[in-house]
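First up is the structure itself, then whatever we jot down about it.
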Amino acid sequence: MKPDYLWDGSGEPDPEVERLERLLGTLRSRRPAPEFPALEEPRARSIQARWLAVAASVLVVAGAGWVMRAGHAAGGWKVARVAGAPRIGSERIGESGRLQIGEWLETDATARARVAVGEIGELDVGPNTRMRLVKSRASEHRMAMLHGEIHALIWAPPRRFYVDTPSAVAIDLGCSYKLKVNDRGEGLLAVDNGWVAFEKDGRESFIPTGAACRTRPVVGPGTPYFETASAALQAALERFDFAAGGRAALEIVLAQARKEDAFTLWHLLSRAGPPDRAAVYERLAEFSPPPKGVTREGILAGDRQMLDLWWNALGLENANWWRIWERPYRD
C-alpha cells in the first residue's frame, strides 16, 4: 500500500483500511461540518496526528468488535427460578438458566420465574405462562407471549422492548406494566408507571400511568381507559370495541366520561364512524377545547396532523414525549 493514501487519498488503499472506513462511516454526523480558520502546523506534527487518529480508529473498531463478540458469547436472557419448576424447552432450569433466541420459557400452575431482559429491565413471569425469546440486541429486545402473565419493568429508552401477543404488540415507552393473555389470545395490559403503545396493523393505543387496554384477535387493541373510570364506561367501551356495540355503547361512554377521560375520547375520534365522530368531537371539546390549527371539519375528516395537535393539548403529563422516539433505533 502506498502511504500517500492516508494523507490525500491517492494510491491503492489497503483492504483493511477500506473496511475500517466503511465501519466508521456509519458514525459520520449528518450535520454540515463547522468551518474553522485554517491553521498552519509543522508537517512532522501533522503526520504524527494523522497516524494517532488512524491508530485510535483501529482501537475503537477493535474494541467494539470485542464487546459485540463478548455479548454474543453470553447470549440470551438470564432466568432465575422464583417458585416451582420453570422450564426452558423440556428442561427444568434448577435455580437459574439462560433462555436463548428461539427457545421457550414455560411455567406451570405452581411455577414462577424472573427474567433479566439483557441489561435494560426484568420480567416477573407468572404461573401458566409460555413465552419465547425472539430477538436480543442493543436496539431491540423482543419476546413472543402465547399466554400467561408478566410484569415488566424496563428502564431503557423507549422502543427497545417489544412483546408480541396473538392480538397486538406491546411496545415499551419507558415504564412498568402488567400484561395478561388468555388461551384465546385475548389480552389486558395495565400500566403502573410510564407509557406503553399497543399496536396491530396500524391500529394504535397509547396507555399512560393508571390506564389499561384490552386486545382481541382480529380486532387488535381496544380503546384505552383509566382504571378509575366507571364500570359502566369500561363495559360500554368493551362492547363498542369488540361486540359491535355501536351508537348505543358509544352514548354510554360519552355520558360517563369525565374530564380525565379526554384521552379515551381522543382515541375514539379515529375509531367511531363518520356519523358518530361528531358526537365524540363535541364531548371532547367540552373537556379540552381544540387548540389553534384544529378544526371540526378536519377532525371529522380524520386529519392526522390535527389529531396529533389536539393530543398534545390534552394536558396529560408528558403526553407527547414518546413522539421523540417514534422511529425505532437503528444499529
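If you're wondering about the labels, chains in the C-alpha cells are A, B, ... by order shown, residues count from 1 in each chain, ligands from 1 in order shown.
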Out of stretch 108-287 of chain A, which residues get helix (DSSP H, G or I) from DSSP, as an mmCIF file with N, CA and C atoms, in the first residue's frame?
```cif
data_model
loop_
_atom_site.group_PDB
_atom_site.id
_atom_site.type_symbol
_atom_site.label_atom_id
_atom_site.label_comp_id
_atom_site.auth_asym_id
_atom_site.auth_seq_id
_atom_site.Cartn_x
_atom_site.Cartn_y
_atom_site.Cartn_z
ATOM 1 N N ALA A 231 -67.445 1.646 35.991
ATOM 2 C CA ALA A 231 -67.639 0.301 35.452
ATOM 3 C C ALA A 231 -68.521 0.351 34.212
ATOM 4 N N ALA A 232 -69.496 1.270 34.208
ATOM 5 C CA ALA A 232 -70.388 1.391 33.056
ATOM 6 C C ALA A 232 -69.610 1.830 31.815
ATOM 7 N N LEU A 233 -68.674 2.789 31.976
ATOM 8 C CA LEU A 233 -67.862 3.237 30.841
ATOM 9 C C LEU A 233 -66.992 2.097 30.332
ATOM 10 N N GLN A 234 -66.361 1.376 31.235
ATOM 11 C CA GLN A 234 -65.472 0.294 30.819
ATOM 12 C C GLN A 234 -66.248 -0.805 30.078
ATOM 13 N N ALA A 235 -67.418 -1.149 30.592
ATOM 14 C CA ALA A 235 -68.213 -2.192 29.939
ATOM 15 C C ALA A 235 -68.704 -1.731 28.572
ATOM 16 N N ALA A 236 -69.101 -0.460 28.481
ATOM 17 C CA ALA A 236 -69.581 0.064 27.201
ATOM 18 C C ALA A 236 -68.445 0.123 26.180
ATOM 19 N N LEU A 237 -67.236 0.485 26.622
ATOM 20 C CA LEU A 237 -66.089 0.504 25.725
ATOM 21 C C LEU A 237 -65.816 -0.888 25.157
ATOM 22 N N GLU A 238 -65.902 -1.899 26.025
ATOM 23 C CA GLU A 238 -65.647 -3.262 25.564
ATOM 24 C C GLU A 238 -66.681 -3.679 24.517
ATOM 25 N N ARG A 239 -67.926 -3.297 24.731
ATOM 26 C CA ARG A 239 -68.961 -3.622 23.727
ATOM 27 C C ARG A 239 -68.716 -2.863 22.432
ATOM 28 N N PHE A 240 -68.332 -1.591 22.559
ATOM 29 C CA PHE A 240 -68.093 -0.783 21.367
ATOM 30 C C PHE A 240 -66.926 -1.347 20.557
ATOM 31 N N ASP A 241 -65.837 -1.727 21.259
ATOM 32 C CA ASP A 241 -64.625 -2.183 20.564
ATOM 33 C C ASP A 241 -64.756 -3.582 19.983
ATOM 34 N N PHE A 242 -65.415 -4.495 20.734
ATOM 35 C CA PHE A 242 -65.324 -5.909 20.377
ATOM 36 C C PHE A 242 -66.664 -6.621 20.164
ATOM 37 N N GLY A 246 -71.813 -0.341 18.804
ATOM 38 C CA GLY A 246 -72.317 0.778 18.013
ATOM 39 C C GLY A 246 -72.670 2.015 18.810
ATOM 40 N N ARG A 247 -73.632 2.768 18.299
ATOM 41 C CA ARG A 247 -74.003 4.067 18.871
ATOM 42 C C ARG A 247 -74.516 3.941 20.302
ATOM 43 N N ALA A 248 -75.236 2.860 20.614
ATOM 44 C CA ALA A 248 -75.774 2.694 21.963
ATOM 45 C C ALA A 248 -74.647 2.624 22.993
ATOM 46 N N ALA A 249 -73.597 1.838 22.687
ATOM 47 C CA ALA A 249 -72.467 1.743 23.607
ATOM 48 C C ALA A 249 -71.709 3.061 23.663
ATOM 49 N N LEU A 250 -71.544 3.709 22.519
ATOM 50 C CA LEU A 250 -70.802 4.969 22.471
ATOM 51 C C LEU A 250 -71.500 6.035 23.306
ATOM 52 N N GLU A 251 -72.814 6.087 23.276
ATOM 53 C CA GLU A 251 -73.541 7.091 24.050
ATOM 54 C C GLU A 251 -73.303 6.917 25.545
ATOM 55 N N ILE A 252 -73.181 5.673 26.008
ATOM 56 C CA ILE A 252 -72.884 5.441 27.418
ATOM 57 C C ILE A 252 -71.491 5.950 27.753
ATOM 58 N N VAL A 253 -70.535 5.682 26.870
ATOM 59 C CA VAL A 253 -69.178 6.175 27.098
ATOM 60 C C VAL A 253 -69.164 7.690 27.182
ATOM 61 N N LEU A 254 -69.842 8.361 26.275
ATOM 62 C CA LEU A 254 -69.855 9.821 26.261
ATOM 63 C C LEU A 254 -70.527 10.375 27.511
ATOM 64 N N ALA A 255 -71.584 9.724 27.947
ATOM 65 C CA ALA A 255 -72.297 10.199 29.130
ATOM 66 C C ALA A 255 -71.494 9.970 30.408
ATOM 67 N N GLN A 256 -70.735 8.897 30.465
ATOM 68 C CA GLN A 256 -69.979 8.541 31.661
ATOM 69 C C GLN A 256 -68.606 9.218 31.726
ATOM 70 N N LYS A 259 -63.559 14.581 32.828
ATOM 71 C CA LYS A 259 -62.527 15.396 32.184
ATOM 72 C C LYS A 259 -61.257 14.585 31.952
ATOM 73 N N GLU A 260 -60.876 13.741 32.947
ATOM 74 C CA GLU A 260 -59.651 12.954 32.795
ATOM 75 C C GLU A 260 -59.789 11.844 31.769
ATOM 76 N N ASP A 261 -61.012 11.577 31.312
ATOM 77 C CA ASP A 261 -61.211 10.558 30.286
ATOM 78 C C ASP A 261 -61.083 11.129 28.876
ATOM 79 N N ALA A 262 -60.585 12.366 28.782
ATOM 80 C CA ALA A 262 -60.432 13.001 27.471
ATOM 81 C C ALA A 262 -59.525 12.167 26.562
ATOM 82 N N PHE A 263 -58.503 11.515 27.135
ATOM 83 C CA PHE A 263 -57.597 10.742 26.276
ATOM 84 C C PHE A 263 -58.312 9.533 25.680
ATOM 85 N N THR A 264 -59.312 8.997 26.394
ATOM 86 C CA THR A 264 -60.132 7.913 25.841
ATOM 87 C C THR A 264 -60.962 8.434 24.668
ATOM 88 N N LEU A 265 -61.566 9.606 24.844
ATOM 89 C CA LEU A 265 -62.370 10.192 23.768
ATOM 90 C C LEU A 265 -61.499 10.508 22.556
ATOM 91 N N TRP A 266 -60.261 10.955 22.809
ATOM 92 C CA TRP A 266 -59.357 11.251 21.692
ATOM 93 C C TRP A 266 -59.142 10.000 20.842
ATOM 94 N N HIS A 267 -58.932 8.850 21.468
ATOM 95 C CA HIS A 267 -58.771 7.612 20.710
ATOM 96 C C HIS A 267 -60.040 7.287 19.908
ATOM 97 N N LEU A 268 -61.198 7.609 20.471
ATOM 98 C CA LEU A 268 -62.456 7.289 19.787
ATOM 99 C C LEU A 268 -62.671 8.142 18.539
ATOM 100 N N LEU A 269 -61.996 9.286 18.451
ATOM 101 C CA LEU A 269 -62.149 10.121 17.262
ATOM 102 C C LEU A 269 -61.754 9.370 15.989
ATOM 103 N N PRO A 274 -67.912 7.932 10.731
ATOM 104 C CA PRO A 274 -68.227 9.335 10.437
ATOM 105 C C PRO A 274 -69.533 9.828 11.060
ATOM 106 N N PRO A 275 -70.616 9.029 11.073
ATOM 107 C CA PRO A 275 -71.848 9.548 11.675
ATOM 108 C C PRO A 275 -71.728 9.820 13.169
ATOM 109 N N ASP A 276 -70.864 9.051 13.878
ATOM 110 C CA ASP A 276 -70.748 9.179 15.339
ATOM 111 C C ASP A 276 -69.583 10.065 15.761
ATOM 112 N N ARG A 277 -68.677 10.359 14.856
ATOM 113 C CA ARG A 277 -67.474 11.112 15.217
ATOM 114 C C ARG A 277 -67.812 12.519 15.690
ATOM 115 N N ALA A 278 -68.863 13.097 15.147
ATOM 116 C CA ALA A 278 -69.253 14.451 15.549
ATOM 117 C C ALA A 278 -69.634 14.490 17.027
ATOM 118 N N ALA A 279 -70.337 13.454 17.498
ATOM 119 C CA ALA A 279 -70.726 13.414 18.910
ATOM 120 C C ALA A 279 -69.498 13.301 19.807
ATOM 121 N N VAL A 280 -68.517 12.510 19.386
ATOM 122 C CA VAL A 280 -67.278 12.394 20.158
ATOM 123 C C VAL A 280 -66.544 13.735 20.168
ATOM 124 N N TYR A 281 -66.497 14.393 19.021
ATOM 125 C CA TYR A 281 -65.847 15.697 18.918
ATOM 126 C C TYR A 281 -66.463 16.682 19.907
ATOM 127 N N GLU A 282 -67.778 16.772 19.936
ATOM 128 C CA GLU A 282 -68.450 17.742 20.801
ATOM 129 C C GLU A 282 -68.170 17.458 22.269
ATOM 130 N N ARG A 283 -68.181 16.196 22.652
ATOM 131 C CA ARG A 283 -67.943 15.851 24.056
ATOM 132 C C ARG A 283 -66.486 16.127 24.445
ATOM 133 N N LEU A 284 -65.544 15.794 23.587
ATOM 134 C CA LEU A 284 -64.139 16.062 23.884
ATOM 135 C C LEU A 284 -63.890 17.565 23.964
ATOM 136 N N ALA A 285 -64.535 18.331 23.092
ATOM 137 C CA ALA A 285 -64.347 19.782 23.097
ATOM 138 C C ALA A 285 -64.828 20.407 24.403
ATOM 139 N N GLU A 286 -65.789 19.775 25.088
ATOM 140 C CA GLU A 286 -66.243 20.277 26.381
ATOM 141 C C GLU A 286 -65.130 20.199 27.423
ATOM 142 N N PHE A 287 -64.334 19.151 27.365
ATOM 143 C CA PHE A 287 -63.267 18.943 28.338
ATOM 144 C C PHE A 287 -61.966 19.622 27.934
#
```
>> Neighbouring residues of A:Ile150 were defined as those with any atom within 9 Å, considering only C-alpha atoms; residues of the same chain fewer than 3 positions away were excluded. Please report them as a ChimeraX atom specification.
In response: /A:123-126,129,177-180
Give me the stretch 70-127 of chain A side of the contact with stretch 135-138 of chain A, cut-off 8 Å, one line per residue showing its nearest atom pair and distance in Å at one decimal, counting only C-alpha atoms, sorted by chain and residue number, as CSV.
```
residue,atom,partner,partner_atom,distance
A:Gly76,CA,A:Ser136,CA,6.8
A:Ile101,CA,A:Lys135,CA,6.2
A:Gly118,CA,A:Ser136,CA,7.2
```
>> I want to know what sits within 7 Å of A:Arg87, based on only C-alpha atoms, with residues of the same chain fewer than 4 positions away left out; could you give that as a VMD selection string?
In response: chain A and resid 91 to 93 105 to 107
>> Could you pull out the strand (DSSP E) residues of stretch 92-162 of chain A, going by DSSP on the backbone, and write them as a PyMOL selection string?
In response: chain A and resi 92+96-99+104-106+112-117+121-125+130-137+140-154+161-162
Mind writing the picked residues with N, CA and C atoms as a short mmCIF file (atom, residue, chain, number, x, y, z; two decimals), in the first residue's frame?
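Full text of out.cif as output:
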```
data_model
loop_
_atom_site.label_atom_id
_atom_site.label_comp_id
_atom_site.auth_asym_id
_atom_site.auth_seq_id
_atom_site.Cartn_x
_atom_site.Cartn_y
_atom_site.Cartn_z
N ARG A 92 -35.99 -28.56 33.12
CA ARG A 92 -36.14 -27.69 34.28
C ARG A 92 -34.85 -26.88 34.47
N SER A 96 -31.25 -21.47 38.24
CA SER A 96 -31.11 -20.45 37.19
C SER A 96 -30.80 -21.14 35.86
N GLY A 97 -30.99 -20.40 34.80
CA GLY A 97 -30.70 -20.90 33.46
C GLY A 97 -30.58 -19.74 32.51
N ARG A 98 -30.46 -20.05 31.21
CA ARG A 98 -30.35 -18.99 30.21
C ARG A 98 -31.24 -19.33 29.03
N LEU A 99 -32.11 -18.37 28.71
CA LEU A 99 -33.05 -18.52 27.61
C LEU A 99 -32.40 -17.98 26.35
N TRP A 104 -38.28 -21.56 24.28
CA TRP A 104 -39.50 -21.26 25.03
C TRP A 104 -39.23 -21.37 26.52
N LEU A 105 -39.75 -20.42 27.28
CA LEU A 105 -39.78 -20.50 28.74
C LEU A 105 -41.22 -20.78 29.15
N GLU A 106 -41.42 -21.79 29.99
CA GLU A 106 -42.76 -22.18 30.40
C GLU A 106 -42.84 -22.35 31.91
N ARG A 112 -42.97 -19.92 39.00
CA ARG A 112 -42.76 -18.52 38.70
C ARG A 112 -41.28 -18.32 38.38
N ALA A 113 -40.97 -17.30 37.60
CA ALA A 113 -39.58 -17.05 37.24
C ALA A 113 -39.33 -15.56 37.10
N ARG A 114 -38.06 -15.18 37.17
CA ARG A 114 -37.66 -13.80 36.93
C ARG A 114 -36.63 -13.81 35.80
N VAL A 115 -36.85 -12.94 34.82
CA VAL A 115 -36.01 -12.92 33.62
C VAL A 115 -35.34 -11.56 33.49
N ALA A 116 -34.02 -11.58 33.28
CA ALA A 116 -33.29 -10.34 33.02
C ALA A 116 -33.34 -10.06 31.52
N VAL A 117 -33.94 -8.94 31.14
CA VAL A 117 -34.04 -8.56 29.73
C VAL A 117 -32.75 -7.84 29.35
N GLY A 121 -33.84 -4.25 31.72
CA GLY A 121 -35.00 -4.43 32.56
C GLY A 121 -35.16 -5.86 33.02
N GLU A 122 -36.33 -6.15 33.60
CA GLU A 122 -36.59 -7.50 34.06
C GLU A 122 -38.08 -7.82 33.96
N LEU A 123 -38.36 -9.11 33.89
CA LEU A 123 -39.73 -9.60 33.82
C LEU A 123 -39.99 -10.54 34.99
N ASP A 124 -41.12 -10.35 35.66
CA ASP A 124 -41.62 -11.36 36.58
C ASP A 124 -42.63 -12.18 35.81
N VAL A 125 -42.37 -13.47 35.67
CA VAL A 125 -43.20 -14.36 34.87
C VAL A 125 -44.10 -15.16 35.80
N ARG A 130 -46.35 -19.10 28.81
CA ARG A 130 -45.48 -19.64 27.77
C ARG A 130 -44.99 -18.48 26.92
N MET A 131 -43.68 -18.28 26.90
CA MET A 131 -43.09 -17.16 26.16
C MET A 131 -41.82 -17.62 25.47
N ARG A 132 -41.50 -16.95 24.36
CA ARG A 132 -40.32 -17.31 23.56
C ARG A 132 -39.47 -16.08 23.32
N LEU A 133 -38.15 -16.24 23.41
CA LEU A 133 -37.24 -15.15 23.10
C LEU A 133 -37.07 -15.06 21.58
N VAL A 134 -37.40 -13.91 21.01
CA VAL A 134 -37.35 -13.71 19.56
C VAL A 134 -36.09 -12.97 19.15
N LYS A 135 -35.72 -11.94 19.90
CA LYS A 135 -34.58 -11.11 19.50
C LYS A 135 -33.97 -10.47 20.74
N SER A 136 -32.66 -10.35 20.75
CA SER A 136 -31.98 -9.69 21.87
C SER A 136 -30.73 -9.00 21.35
N ARG A 137 -30.80 -7.69 21.21
CA ARG A 137 -29.66 -6.89 20.80
C ARG A 137 -29.84 -5.50 21.37
N GLU A 140 -32.98 -3.65 20.11
CA GLU A 140 -34.31 -4.28 20.19
C GLU A 140 -34.26 -5.59 20.96
N HIS A 141 -35.08 -5.67 21.99
CA HIS A 141 -35.31 -6.92 22.72
C HIS A 141 -36.77 -7.28 22.49
N ARG A 142 -37.01 -8.50 22.02
CA ARG A 142 -38.39 -8.88 21.65
C ARG A 142 -38.68 -10.30 22.12
N MET A 143 -39.87 -10.47 22.67
CA MET A 143 -40.35 -11.79 23.07
C MET A 143 -41.75 -11.99 22.53
N ALA A 144 -42.12 -13.24 22.37
CA ALA A 144 -43.49 -13.60 21.97
C ALA A 144 -44.14 -14.29 23.15
N MET A 145 -45.30 -13.82 23.53
CA MET A 145 -46.03 -14.37 24.67
C MET A 145 -47.30 -15.04 24.17
N LEU A 146 -47.35 -16.35 24.29
CA LEU A 146 -48.51 -17.09 23.79
C LEU A 146 -49.67 -16.98 24.75
N HIS A 147 -49.40 -17.17 26.03
CA HIS A 147 -50.43 -16.98 27.06
C HIS A 147 -49.72 -16.83 28.40
N GLY A 148 -50.48 -16.37 29.41
CA GLY A 148 -49.93 -16.24 30.75
C GLY A 148 -49.94 -14.81 31.24
N GLU A 149 -48.98 -14.50 32.12
CA GLU A 149 -48.94 -13.19 32.76
C GLU A 149 -47.49 -12.79 33.03
N ILE A 150 -47.15 -11.54 32.72
CA ILE A 150 -45.84 -11.00 33.04
C ILE A 150 -46.01 -9.62 33.67
N HIS A 151 -45.02 -9.26 34.46
CA HIS A 151 -44.91 -7.89 34.96
C HIS A 151 -43.56 -7.38 34.49
N ALA A 152 -43.55 -6.38 33.62
CA ALA A 152 -42.33 -5.87 33.02
C ALA A 152 -41.91 -4.57 33.68
N LEU A 153 -40.62 -4.47 33.99
CA LEU A 153 -40.03 -3.23 34.48
C LEU A 153 -38.85 -2.92 33.56
N ILE A 154 -38.97 -1.85 32.77
CA ILE A 154 -37.96 -1.52 31.76
C ILE A 154 -37.44 -0.12 32.02
N PHE A 161 -38.06 -2.52 23.96
CA PHE A 161 -38.60 -3.80 24.40
C PHE A 161 -40.00 -4.01 23.81
N TYR A 162 -40.18 -5.17 23.16
CA TYR A 162 -41.44 -5.49 22.48
C TYR A 162 -41.95 -6.84 22.97
#
```
> Which residues come within 6 Å of A:Val169, counting only C-alpha atoms, excluding same-chain residues fewer than 5 positions away, as number ranges by chain?
Replying inline: A: 163-164, 198-199
Output of the above residues as a PDB file, in the first residue's frame, restricted to N, CA and C atoms:
```pdb
ATOM      1  N   VAL A 163     -43.271  -6.932  23.116  1.00  0.00           N
ATOM      2  CA  VAL A 163     -43.897  -8.213  23.435  1.00  0.00           C
ATOM      3  C   VAL A 163     -44.962  -8.494  22.376  1.00  0.00           C
ATOM      4  N   ASP A 164     -44.742  -9.535  21.586  1.00  0.00           N
ATOM      5  CA  ASP A 164     -45.733  -9.949  20.601  1.00  0.00           C
ATOM      6  C   ASP A 164     -46.755 -10.851  21.290  1.00  0.00           C
ATOM      7  N   PHE A 198     -49.768   0.022  22.290  1.00  0.00           N
ATOM      8  CA  PHE A 198     -50.343  -1.259  21.906  1.00  0.00           C
ATOM      9  C   PHE A 198     -50.712  -1.123  20.438  1.00  0.00           C
ATOM     10  N   GLU A 199     -50.164  -1.990  19.558  1.00  0.00           N
ATOM     11  CA  GLU A 199     -50.350  -1.789  18.121  1.00  0.00           C
ATOM     12  C   GLU A 199     -50.665  -3.096  17.402  1.00  0.00           C
TER      13      GLU A 199
END
```
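Distance check against A:Tyr225 using only C-alpha atoms: of A:Ala244, A:Ala156, A:Ile171, A:Ala190, the minimum falls on A:Ala190.
The nearest approach to A:Val219 among the residues A:Ile88, A:Leu307, A:Ala243, A:Leu316, with only C-alpha atoms taken into account, belongs to A:Ala243.
The nearest approach to A:Ser176 among the residues A:Arg160, A:Arg203, A:Gly293, A:Trp155, with only C-alpha atoms taken into account, belongs to A:Trp155.
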>> Just the number, please: distance in Å from atom CA of A:Asp201 to atom CA of A:Arg271, one decimal.
In response: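 Here the two named atoms are 14.0 Å from each other.
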Excluding same-chain residues fewer than 2 positions from A:Ile299, what lies within 10 Å of it counting only C-alpha atoms, as an mmCIF file with C-alpha atoms, in the first residue's frame?
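The resulting selection-v6.cif:
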```cif
data_model
loop_
_atom_site.group_PDB
_atom_site.id
_atom_site.type_symbol
_atom_site.label_atom_id
_atom_site.label_comp_id
_atom_site.auth_asym_id
_atom_site.auth_seq_id
_atom_site.Cartn_x
_atom_site.Cartn_y
_atom_site.Cartn_z
ATOM 1 C CA LEU A 269 -62.149 10.121 17.262
ATOM 2 C CA SER A 270 -60.346 7.742 14.906
ATOM 3 C CA ARG A 277 -67.474 11.112 15.217
ATOM 4 C CA ALA A 278 -69.253 14.451 15.549
ATOM 5 C CA TYR A 281 -65.847 15.697 18.918
ATOM 6 C CA PRO A 290 -59.496 22.165 20.230
ATOM 7 C CA VAL A 294 -57.557 22.137 14.782
ATOM 8 C CA THR A 295 -60.932 22.448 13.106
ATOM 9 C CA ARG A 296 -64.133 20.478 13.419
ATOM 10 C CA GLU A 297 -64.096 19.728 9.714
ATOM 11 C CA ALA A 301 -62.259 14.066 8.088
ATOM 12 C CA GLY A 302 -59.657 12.193 10.165
ATOM 13 C CA ASP A 303 -56.801 14.683 9.652
ATOM 14 C CA ARG A 304 -53.781 13.046 11.351
ATOM 15 C CA GLN A 305 -51.887 16.262 11.993
ATOM 16 C CA MET A 306 -54.887 17.849 13.703
ATOM 17 C CA LEU A 307 -55.413 14.755 15.834
ATOM 18 C CA TRP A 310 -55.207 18.008 19.907
#
```
